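Note sheet for the following structure.
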Amino acid sequence: MNHKNGKIAREIIELQNADGTWGHVFHSLAQPNKKYPLTTEQALRRLKILGFTINDAPIRKAVDCMISCLQGARKIDNYWEKTLDWELFTQLMLATWVRIFEPENETALQVAVRWAKVFEEGFKSGEYSERDYFEAYQQEFDGERRAGNVVSFSPFYHLQLLQGVISEEVEKQLVDYVLSKADGIYYVYDKSLCELPKEFASRESAKYLAAIELLSGYKSAKERLKFVVAWLEDNQEQNGQWDLGAKAKDNIYLPLSDSWTKAEYRKADCTEWIVAILNKIM
C-alpha cells in the first residue's frame with residue numbers, strides 16, 4: 001500500500017523545519033518535548049518506513065542538509081554529549097542516514113570507507129579481535145578518543161553504514177558475530193538474535209524483526225537467517241497473513257496505516273512489513 005499520503009506522513013512533513021531538519025536536535029535518544037515532538041532521526045526513520053525515498057522532496061531536503069553538515073558547511077544542531085567523541089559520533093550518524101537514502105553519495109561513502117578499514121583490521125585474524133579493532137580505530141581516528149558506543153560496532157549505525165563497503169569474508173564474520181552477541185544490536189534489539197522471541201504477537205517480535213531487517217542488508221545474511229524464515233512461516237495464519245498483536249504498535253516500525261481500530265488494519269500492516277523482510281532474506 002501507499003502510506004505516503006496518509007495522516008501519519010502528513011503530520012511528520014508538516015513539522016519539518018525550513019532547513020530540512022526536525023525539532024531542535026538530530027539524535028533519536030535526545031529527549032523530544034511538546035514544542036519539538038520529533039527529532040530529525042525519528043522523522044527520517046518513520047518516513048523511510050512509510051515508503052519515502054530520496055525522490056521525495058522532504059527526504060531530499062533533509063539529505064542535502066546532512067551532506068552540508070558532513071562537509072563542514074554547517075552544524076546539524078547544538079546538542080553535545082561529553083561521554084564520547086560527539087563530533088565523530090555525529091559524523092557517523094549523518095553518514096549513516098545519508099547512505100540509507102543515497103547509498104552511493106560520495107561524502108557519506110568517504111566516512112563509510114574509513115570505518116570499513118577499522119572493521120577489516122578487527123576481523124583480519126578470521127574472527128573478531130578487540131585488540132586489533134581498537135588499534136585500527138585509534139590509528140584511523142587519530143589516537144585516543146572517547147570510546148563509548150562510537151567504538152562498539154553492534155549499534156545500528158555501523159551495521160547500516162558498512163553495507164556494501166566491506167569485503168565478503170569480513171561481512172560473513174560480522175554477521176555471525178552480531179547474531180551471536182548476547183545483547184543484540186544496540187538501539188534496535190537488546191537480546192541475542194539467535195534466540196527467537198517466545199511470543200510472536202508482541203512488541204519484542206517487532207523489535208526482533210527490525211534487527212533482522214537491518215542484517216538483511218548483507219548478502220551473507222540470507223544463508224544465516226533461514227531459521228527466521230521458518231519461524232515466520234510457522235506463525236503465518238491460514239489466510240496468509242501475520243499478526244504481531246496490538247502491542248507491536250510502537251510508533252517506530254508500526255503502524256503503517258493511520259488507524260488500527262480494526263484488527264484487519266493491523267494485520268495488513270504486519271503482513272506488509274513481514275513480506276518485505278522475507279523478500280530480503282529468502
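Labels used: A, B, ... for chains in the order of the C-alpha cells, numbers from 1 for residues in each chain, and numbers from 1 for ligands as shown.
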For Leu38 in chain A, find every residue with an atom within 12 Å (counting only C-alpha atoms), except residues of its own chain fewer than 2 positions away, and show them as a compact mmCIF listing (two decimals) with N, CA, C and O atoms, in the first residue's frame.
# COMPACT_ATOMS: atom_id res chain seq x y z
N GLU A 11 1.54 14.60 9.00
CA GLU A 11 1.87 15.26 10.26
C GLU A 11 3.37 15.40 10.45
O GLU A 11 3.85 16.41 10.98
N ILE A 12 4.12 14.39 10.03
CA ILE A 12 5.58 14.47 10.14
C ILE A 12 6.12 15.55 9.21
O ILE A 12 6.96 16.37 9.61
N ILE A 13 5.68 15.56 7.98
CA ILE A 13 6.17 16.53 7.00
C ILE A 13 5.85 17.96 7.42
O ILE A 13 6.65 18.88 7.21
N GLU A 14 4.68 18.15 8.01
CA GLU A 14 4.28 19.49 8.46
C GLU A 14 5.22 20.04 9.55
O GLU A 14 5.33 21.25 9.72
N LEU A 15 5.89 19.15 10.26
CA LEU A 15 6.80 19.56 11.35
C LEU A 15 8.22 19.83 10.86
O LEU A 15 9.06 20.26 11.64
N GLN A 16 8.51 19.57 9.59
CA GLN A 16 9.87 19.76 9.08
C GLN A 16 10.25 21.23 9.07
O GLN A 16 9.48 22.09 8.66
N ASN A 17 11.45 21.51 9.54
CA ASN A 17 11.97 22.87 9.55
C ASN A 17 12.38 23.29 8.14
O ASN A 17 12.58 22.46 7.26
N THR A 21 15.59 19.87 8.65
CA THR A 21 15.64 19.11 9.89
C THR A 21 14.27 19.07 10.55
O THR A 21 13.31 19.67 10.08
N TRP A 22 14.20 18.36 11.68
CA TRP A 22 13.01 18.36 12.52
C TRP A 22 13.42 18.72 13.94
O TRP A 22 14.55 18.38 14.37
N GLY A 23 12.52 19.34 14.67
CA GLY A 23 12.79 19.64 16.07
C GLY A 23 14.00 20.52 16.25
O GLY A 23 14.34 21.35 15.40
N HIS A 24 14.71 20.29 17.36
CA HIS A 24 15.90 21.10 17.65
C HIS A 24 17.16 20.25 17.78
O HIS A 24 18.25 20.77 17.99
N VAL A 25 17.02 18.92 17.65
CA VAL A 25 18.18 18.03 17.72
C VAL A 25 18.03 16.94 16.66
O VAL A 25 16.95 16.69 16.13
N PHE A 26 19.14 16.28 16.36
CA PHE A 26 19.14 15.21 15.36
C PHE A 26 18.93 13.84 15.99
O PHE A 26 18.10 13.06 15.54
N HIS A 27 19.67 13.53 17.03
CA HIS A 27 19.76 12.19 17.58
C HIS A 27 18.46 11.73 18.24
O HIS A 27 17.87 12.46 19.02
N SER A 28 18.03 10.52 17.95
CA SER A 28 16.77 10.00 18.48
C SER A 28 16.74 9.90 19.99
O SER A 28 15.69 10.04 20.60
N LEU A 29 17.87 9.61 20.63
CA LEU A 29 17.86 9.44 22.08
C LEU A 29 17.85 10.77 22.82
O LEU A 29 17.73 10.78 24.04
N ALA A 30 18.02 11.87 22.11
CA ALA A 30 17.86 13.17 22.72
C ALA A 30 16.37 13.40 22.93
O ALA A 30 15.60 13.32 21.99
N GLN A 31 15.96 13.66 24.15
CA GLN A 31 14.55 13.68 24.50
C GLN A 31 13.77 14.80 23.80
O GLN A 31 14.05 15.97 23.99
N PRO A 32 12.77 14.44 22.98
CA PRO A 32 11.90 15.47 22.39
C PRO A 32 11.03 16.11 23.48
O PRO A 32 10.97 15.62 24.62
N ASN A 33 10.33 17.17 23.16
CA ASN A 33 9.43 17.81 24.11
C ASN A 33 8.16 18.25 23.38
O ASN A 33 7.99 17.99 22.20
N LYS A 34 7.24 18.91 24.10
CA LYS A 34 5.97 19.30 23.50
C LYS A 34 6.16 20.24 22.32
O LYS A 34 5.44 20.18 21.33
N LYS A 35 7.13 21.14 22.44
CA LYS A 35 7.37 22.09 21.37
C LYS A 35 7.99 21.41 20.16
O LYS A 35 7.69 21.74 19.01
N TYR A 36 8.88 20.44 20.42
CA TYR A 36 9.56 19.70 19.35
C TYR A 36 9.33 18.21 19.56
O TYR A 36 10.16 17.52 20.17
N THR A 40 15.12 14.83 14.25
CA THR A 40 15.31 14.59 12.81
C THR A 40 15.41 13.10 12.53
O THR A 40 14.82 12.59 11.57
N GLU A 41 16.14 12.40 13.36
CA GLU A 41 16.35 10.97 13.15
C GLU A 41 15.02 10.20 13.26
O GLU A 41 14.77 9.28 12.47
N GLN A 42 14.21 10.55 14.22
CA GLN A 42 12.92 9.88 14.37
C GLN A 42 12.04 10.11 13.14
O GLN A 42 11.38 9.19 12.65
N ALA A 43 12.04 11.34 12.66
CA ALA A 43 11.24 11.67 11.49
C ALA A 43 11.72 10.90 10.26
O ALA A 43 10.91 10.34 9.50
N LEU A 44 13.03 10.86 10.05
CA LEU A 44 13.58 10.15 8.89
C LEU A 44 13.27 8.66 8.96
O LEU A 44 12.93 8.04 7.94
N ARG A 45 13.37 8.09 10.14
CA ARG A 45 13.10 6.66 10.27
C ARG A 45 11.64 6.36 9.93
O ARG A 45 11.34 5.42 9.20
N ARG A 46 10.74 7.15 10.47
CA ARG A 46 9.32 6.91 10.21
C ARG A 46 8.98 7.11 8.72
O ARG A 46 8.23 6.33 8.14
N LEU A 47 9.53 8.15 8.12
CA LEU A 47 9.24 8.40 6.71
C LEU A 47 9.78 7.28 5.83
O LEU A 47 9.14 6.87 4.86
N ASN A 251 4.98 3.00 17.25
CA ASN A 251 5.13 4.29 16.57
C ASN A 251 6.55 4.51 16.06
O ASN A 251 6.97 5.65 15.83
N ILE A 252 7.26 3.42 15.90
CA ILE A 252 8.58 3.45 15.26
C ILE A 252 8.51 2.63 13.98
O ILE A 252 8.59 3.15 12.88
For this session: Using backbone DSSP assignments, extract all alpha helix (DSSP H) residues from range 20-242 of chain A; output them as a VMD selection string.
Result: chain A and resid 40 to 49 57 to 70 86 to 101 106 to 122 130 to 140 148 to 151 156 to 161 168 to 180 203 to 215 221 to 224 226 to 234
For the selection just defined, write its residues with C-alpha atoms to a file, as a short mmCIF file (atom, residue, chain, number, x, y, z; two decimals), in the first residue's frame.
data_model
loop_
_atom_site.label_atom_id
_atom_site.label_comp_id
_atom_site.auth_asym_id
_atom_site.auth_seq_id
_atom_site.Cartn_x
_atom_site.Cartn_y
_atom_site.Cartn_z
CA THR A 40 15.31 14.59 12.81
CA GLU A 41 16.35 10.97 13.15
CA GLN A 42 12.92 9.88 14.37
CA ALA A 43 11.24 11.67 11.49
CA LEU A 44 13.58 10.15 8.89
CA ARG A 45 13.10 6.66 10.27
CA ARG A 46 9.32 6.91 10.21
CA LEU A 47 9.24 8.40 6.71
CA LYS A 48 11.51 5.65 5.41
CA ILE A 49 9.26 3.00 6.94
CA ALA A 57 11.12 16.43 -1.52
CA PRO A 58 11.20 16.20 2.33
CA ILE A 59 13.89 13.49 2.17
CA ARG A 60 15.91 15.29 -0.49
CA LYS A 61 15.90 18.45 1.64
CA ALA A 62 16.96 16.54 4.76
CA VAL A 63 19.71 14.62 2.96
CA ASP A 64 21.10 17.81 1.43
CA CYS A 65 21.23 19.33 4.90
CA MET A 66 23.09 16.30 6.30
CA ILE A 67 25.57 16.34 3.43
CA SER A 68 26.24 20.03 4.08
CA CYS A 69 26.95 19.19 7.72
CA LEU A 70 29.29 16.35 6.77
CA TRP A 86 30.43 13.63 19.92
CA GLU A 87 31.90 15.16 16.78
CA LEU A 88 32.89 11.73 15.49
CA PHE A 89 29.58 10.22 16.57
CA THR A 90 27.65 12.96 14.77
CA GLN A 91 29.64 12.27 11.61
CA LEU A 92 28.82 8.57 11.96
CA MET A 93 25.10 9.26 12.38
CA LEU A 94 24.87 11.68 9.48
CA ALA A 95 26.82 9.48 7.07
CA THR A 96 24.64 6.52 8.02
CA TRP A 97 21.40 8.33 7.28
CA VAL A 98 22.69 9.80 4.05
CA ARG A 99 23.63 6.30 2.86
CA ILE A 100 20.21 4.94 3.85
CA PHE A 101 18.60 7.20 1.29
CA GLU A 106 30.46 10.32 -2.21
CA THR A 107 30.65 12.34 1.02
CA ALA A 108 28.98 9.63 3.09
CA LEU A 109 30.97 6.89 1.36
CA GLN A 110 34.22 8.54 2.46
CA VAL A 111 33.10 8.10 6.07
CA ALA A 112 31.97 4.52 5.43
CA VAL A 113 35.32 3.58 3.87
CA ARG A 114 37.21 4.84 6.92
CA TRP A 115 35.10 2.69 9.22
CA ALA A 116 35.44 -0.26 6.84
CA LYS A 117 39.22 -0.12 7.31
CA VAL A 118 38.74 -0.46 11.06
CA PHE A 119 36.42 -3.42 10.66
CA GLU A 120 38.69 -5.18 8.18
CA GLU A 121 41.50 -4.96 10.72
CA GLY A 122 39.26 -6.07 13.56
CA GLU A 130 39.08 -6.43 20.23
CA ARG A 131 42.77 -5.54 20.31
CA ASP A 132 43.09 -5.36 16.51
CA TYR A 133 39.86 -3.40 16.27
CA PHE A 134 40.86 -0.79 18.86
CA GLU A 135 44.32 -0.37 17.40
CA ALA A 136 42.82 0.24 13.95
CA TYR A 137 40.23 2.59 15.44
CA GLN A 138 42.91 4.66 17.18
CA GLN A 139 45.06 4.79 14.05
CA GLU A 140 42.22 5.76 11.72
CA GLY A 148 31.52 4.55 24.23
CA ASN A 149 29.17 3.35 21.52
CA VAL A 150 31.15 5.04 18.77
CA VAL A 151 33.75 2.31 19.05
CA PHE A 156 22.55 0.38 14.36
CA TYR A 157 24.83 2.99 12.78
CA HIS A 158 27.84 0.83 11.97
CA LEU A 159 25.78 -2.07 10.69
CA GLN A 160 23.83 0.22 8.40
CA LEU A 161 26.79 2.33 7.27
CA GLU A 168 32.64 -10.55 1.53
CA GLU A 169 34.69 -12.52 4.04
CA VAL A 170 34.55 -9.86 6.74
CA GLU A 171 30.86 -9.39 6.06
CA LYS A 172 30.23 -13.07 6.86
CA GLN A 173 32.26 -12.83 10.05
CA LEU A 174 30.47 -9.64 11.06
CA VAL A 175 27.00 -11.13 10.53
CA ASP A 176 27.94 -14.24 12.53
CA TYR A 177 29.38 -12.09 15.31
CA VAL A 178 26.29 -9.92 15.57
CA LEU A 179 23.98 -12.93 15.52
CA SER A 180 25.87 -14.47 18.42
CA ARG A 203 6.42 -5.79 20.74
CA GLU A 204 9.53 -7.91 21.28
CA SER A 205 8.89 -9.65 17.96
CA ALA A 206 8.57 -6.27 16.23
CA LYS A 207 11.94 -5.18 17.61
CA TYR A 208 13.45 -8.53 16.68
CA LEU A 209 12.21 -8.18 13.10
CA ALA A 210 13.66 -4.66 12.93
CA ALA A 211 17.06 -6.13 13.80
CA ILE A 212 16.66 -8.88 11.22
CA GLU A 213 15.69 -6.32 8.60
CA LEU A 214 18.88 -4.42 9.37
CA LEU A 215 21.03 -7.54 8.93
CA ALA A 221 22.72 -12.92 5.90
CA LYS A 222 20.35 -14.97 3.72
CA GLU A 223 22.11 -18.24 4.48
CA ARG A 224 22.27 -17.45 8.17
CA LYS A 226 16.89 -19.41 7.34
CA PHE A 227 15.71 -20.11 10.89
CA VAL A 228 13.94 -16.73 10.88
CA VAL A 229 12.17 -17.63 7.62
CA ALA A 230 10.99 -20.89 9.20
CA TRP A 231 9.78 -19.02 12.31
CA LEU A 232 7.78 -16.59 10.21
CA GLU A 233 6.29 -19.38 8.11
CA ASP A 234 5.27 -21.23 11.29
#
Exercise. Which one of A:Ile54, A:Asp142, A:Phe123, A:Arg74 sits closest to Pro103 in chain A if you count only C-alpha atoms?
Worked result: A:Ile54
For this session: Identify which of the residues A:Ala268, A:Met1, A:Val275, A:Ala73 lies closest to Leu50 in chain A, counting only C-alpha atoms when measuring atom-to-atom distances.
Result: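 Smallest distance to Leu50 in chain A is found for A:Met1.
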Problem set entry | A:Asp85, A:Pro197, A:Glu102, A:Tyr186 ranked by distance to Thr53 in chain A, top pick (using only C-alpha atoms) | A:Glu102
For this session: Would you mind listing what lies within 6 Å of range 240-246 of chain A as a PyMOL selection string, with only C-alpha atoms counted and same-chain residues fewer than 5 positions away left out?
Result: chain A and resi 201-202+267+270-271
Next, the residues of the selection above should be written as a PDB file, in the first residue's frame with C-alpha atoms.
ATOM      1  CA  ALA A 201       2.355 -11.432  18.801  1.00  0.00           C
ATOM      2  CA  SER A 202       4.418  -8.993  20.851  1.00  0.00           C
ATOM      3  CA  LYS A 267      -2.854  -7.490  10.226  1.00  0.00           C
ATOM      4  CA  CYS A 270       2.118  -6.572   9.906  1.00  0.00           C
ATOM      5  CA  THR A 271       1.794  -8.667   6.763  1.00  0.00           C
TER       6      THR A 271
END
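Minimum atom-to-atom distances from A:Asn279, A:Ser259, A:Gln236, A:Ser220 to Ile8 in chain A were compared using only C-alpha atoms, and the lowest value belongs to A:Ser259.
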For this session: May I ask which of the residues A:Gly20, A:Pro37, A:Gly126, A:Gly51 is the closest one to Asn5 in chain A, counting only C-alpha atoms?
Result: A:Gly51
Problem set entry | Best match for closeness to Asn235 in chain A among A:Lys124, A:Arg266, A:Lys181, A:Lys198, counting only C-alpha atoms |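 Once distances to Asn235 in chain A are computed over only C-alpha atoms, the minimum belongs to A:Lys198.
Picture a line from CA of Tyr128 in chain A to CA of Ile166 in chain A; it runs 14.3 Å.
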